[in-house]
Structure formats: C-alpha cells, structure tokens
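Trainee: Next up is a structure, given as structure tokens.
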Amino acid sequence: MKIFITKKEIKSYLSSLKEQNKSIGFVPTMGALHQGHLSLIKKAQQKNDLVVVSIFVNPTQFDKKEDLINYPKTIENDTKLLKSVSCDVLFLPSVKEIYADDISSKKFDFDGLEHQMEGKFREGHFDGVGTIVKTLFEIVKPNKAYFGQKDYQQLQIIKKMVKKNRLKVKVKGCPIFREQDGLAMSSRNARLTDAQRKAAPFIYKTLKKVRKKFGTENATIVTEWVENQFKKQPLLELEYFTIADKKTLEPIQKKESGKKYRAFIAVFAGKIRLIDNIQLKN
Ligand code: AMP
C-alpha cells in the first residue's frame, strides 16, 4: 500500500495511473476504521482498478471542539487493517496540508437538504463536509466515490454537490453495516462505556418497530411512540426522530402514495452522539 501525506505527491502518483486508463475508487473516511468502512472499500475494489482511502479528521465539520478533540485516532491499526484488505493507496494529509492557515469552510447551497436534521443540530456541519469532500475530490479525481447510508443525509448532500458543480465522479451509496446486535457500526462506538454499549442496540430495535408501525399508523403517532420509548431509557437521550421524504429530506406532512420515506434518529449516550436511519415501507 502506498501512503501519501502531501497533495502534490498523491496527485502526481494518481495522474500517472490515470494516463494508463486505470479507474479510481475513492473512500473518504475520518479513520478509526471498522467493518463498515471496510465494506465500502470492498465495494470500491469490485468496480475499480485501484482504491484510494483517505483518513482525515476534518476540523471544519465539527460543531463542538470537545467532539473533535475526543474523536478516536487509531492510525497504526487503521494502516494495518487497510493493508490486510489490500487497499492500494492511503492519503493521510495533515490539517495544514488541506487548509494551510485558514481552517474554515466554504458556504454551500444544497437546495435545502442542509437545513434538515443534522443541519439543524450541528451548525455549519454540512459546509464543513462539502468543503472537505470537494477538496478531496479535486485532489484524488476519482471515477467513483463510496459513502455509507449510515450518514444518509451526507450521502444525499454529496450527490447534490456533485450534480450542482457538474463534477465527473459517480457517487455510490452503500448499505449500513451493523454489529450482530443491530447497532450501526461507528468509530464513536469505541467510546461507549459497557453499560452504554449494552443500551445502544435499542436504537435500531426501535427503528425496526417504526418500520412496522408506519405501515398502519401516521407519522405523528409513530413519532410520539418513539419519544415515549426513549423516555424509559435512562442511558439514552433522544435528540431527534424524524420521518422524512427520502429524496428532499423534508419532514413528512401526510403520507402520499408514490413517495418513499425514511426514518432518521440521533441519540446521545452520555456525550457520545449516535445516528441511524431506516428505509420505510408505506
Ligand atoms: P466516517 O469515518 O465516520 O466519516 O465514515 C466514512 C464513511 O464510512 C462515510 O461514508 C460513512 O457513511 C461510512 N460509514 C461509517 N459507518 C458505516 C457503517 N456502519 N456502514 C456503512 N458505512 C459506514
């Protein structure tokens, strides 16, 4: 596996491969890699001649300094993991390499997608995401880029950014990879206490029940039900639960046939923020 820390070096390496018509699959991450990340890499390997993974904990997408400082960093283990799955290239830039002396994000217009859910609760988050992903796309110039549905709103926002800026990359969404007990894999799970880790699968259990209930009940009743369920969970605090149009991400007003909906949830276990979502049938 080749490891690059400067833009200049990775660009020059990849441009020589592009001249040989090699297709590049790209998986941007913030590290502390787990099976969820590896599932994206596997997908990328099936469809591209070589796979580039980036590890960069992007400061401009964190609304809370504490969350950024505490974000898990396991670079040695990550490198081993990437080698074990035969990743071709790891891009590991510093904050200075990406932002020089101006650690700030550009302003983006994602046609309203950015004002829902994560955008409401994490100020500036999607400007930060847009800034880093656009920058990384410009450096790596991938043919295809792979993102998890775990961050479903982020996936929709990146698709929008690619469309609006007429970027050449094809954005591929990949299914949510879960622990045996249903908890969506996340780098943040490693920070849960044993008791919080035991409580956390309740999130997905609730989402599965939501999918069932939404077949017969309206969104308001389902939402109230979820809120009540979490009141009975001493270790989990619900931040939001929303049923939204799968495309516009606007909260549902009234079920309409022909529209597809998804349920989205954010929960605190102590200071650790966990998100998940599920496709609904109506
Ligand atoms: P992160 O390192 O958390 O920024 O995630 C990097 C990429 O991996 C993003 O596209 C995430 O959506 C994706 N990802 C994270 N966790 C999972 C998971 N459990 N299943 C599938 N994809 C995931």
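Convention: chains lettered A, B, ... in structure tokens order; per-chain residue numbering from 1; ligands numbered from 1 as shown.
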Select the residues contacting ligand 1 at a distance of at most 9 Å, based on only C-alpha atoms and all ligand atoms, then format the selection as an MDAnalysis selection string.
Mentor: chainID A and resid 27:40 55:58 146:152 154:155 173:179 183:188 276
Trainee: Please provide as a PyMOL selection string all residues within 9 Å of region 208-216 of chain A, with the sequence filter that same-chain residues fewer than 3 positions apart are discarded (counting only C-alpha atoms).
Mentor: chain A and resi 203-205+219+221-223+225-226+262-263+278-282
Trainee: Could you check the closest approach to Pro142 (chain A) for each of A:Ser16, A:Asn165, A:Gln180, A:Asn48 and tell me which residue wins, using only C-alpha atoms?
Mentor: A:Asn48
Trainee: Have a look at A:Asp88, A:Glu237, A:Asp63, A:Glu217 and name the one nearest to Tyr13 (chain A); count only C-alpha atoms.
Mentor: A:Asp88
Trainee: For Pro234 (chain A), list every protein, DNA or RNA residue within 10 Å, evaluated using only C-alpha atoms, and leave out those in the same chain fewer than 6 positions away; present the list as an MDAnalysis selection string.
Mentor: chainID A and resid 196 199 269
Trainee: Can you write out the residues you just picked, keeping N, CA, C and O atoms, as a tab-separated table (two decimals), in the first residue's frame?
Mentor:
```
chain	number	residue	atom	x	y	z
A	196	GLN	N	-23.41	1.74	28.34
A	196	GLN	CA	-23.96	2.46	27.18
A	196	GLN	C	-23.99	1.55	25.95
A	196	GLN	O	-24.94	1.55	25.17
A	199	ALA	N	-26.86	-0.66	26.06
A	199	ALA	CA	-28.14	0.04	25.85
A	199	ALA	C	-28.35	0.44	24.39
A	199	ALA	O	-29.47	0.53	23.90
A	269	ALA	N	-25.70	8.95	24.05
A	269	ALA	CA	-25.40	8.04	25.15
A	269	ALA	C	-24.31	8.78	25.93
A	269	ALA	O	-23.16	8.82	25.48
```
Trainee: Point out the residue among A:Val133, A:Leu167, A:Leu90, A:Leu235 with the least atom-to-atom distance to Asp78 (chain A), counting only C-alpha atoms.
Mentor: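 Nearest to Asp78 (chain A): A:Leu90.
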Trainee: Among region 143-215 of chain A, which residues does DSSP mark as strand (DSSP E or B) when it is run on the backbone? Keep the chain and numbering as in the structure and answer as a ChimeraX atom specification.
Mentor: /A:144-148,170-174,178,184
Trainee: With only C-alpha atoms counted and 12 Å as the cut-off, give the residues of region 227-247 of chain A in contact with region 105-114 of chain A, each with its shortest interatomic distance in Å and the pair that gives it, as CSV.
Mentor:
```
residue,atom,partner,partner_atom,distance
A:Ala244,CA,A:Leu113,CA,11.1
A:Asp245,CA,A:Leu113,CA,10.8
A:Lys246,CA,A:Leu113,CA,10.8
A:Lys247,CA,A:Leu113,CA,9.0
```
Trainee: Could you check which of A:Leu81, A:Leu68, A:Ile75, A:Glu9 is closest to Ile41 (chain A), using only C-alpha atoms?
Mentor: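 The shortest atom-to-atom distance to Ile41 (chain A) comes from A:Leu81.
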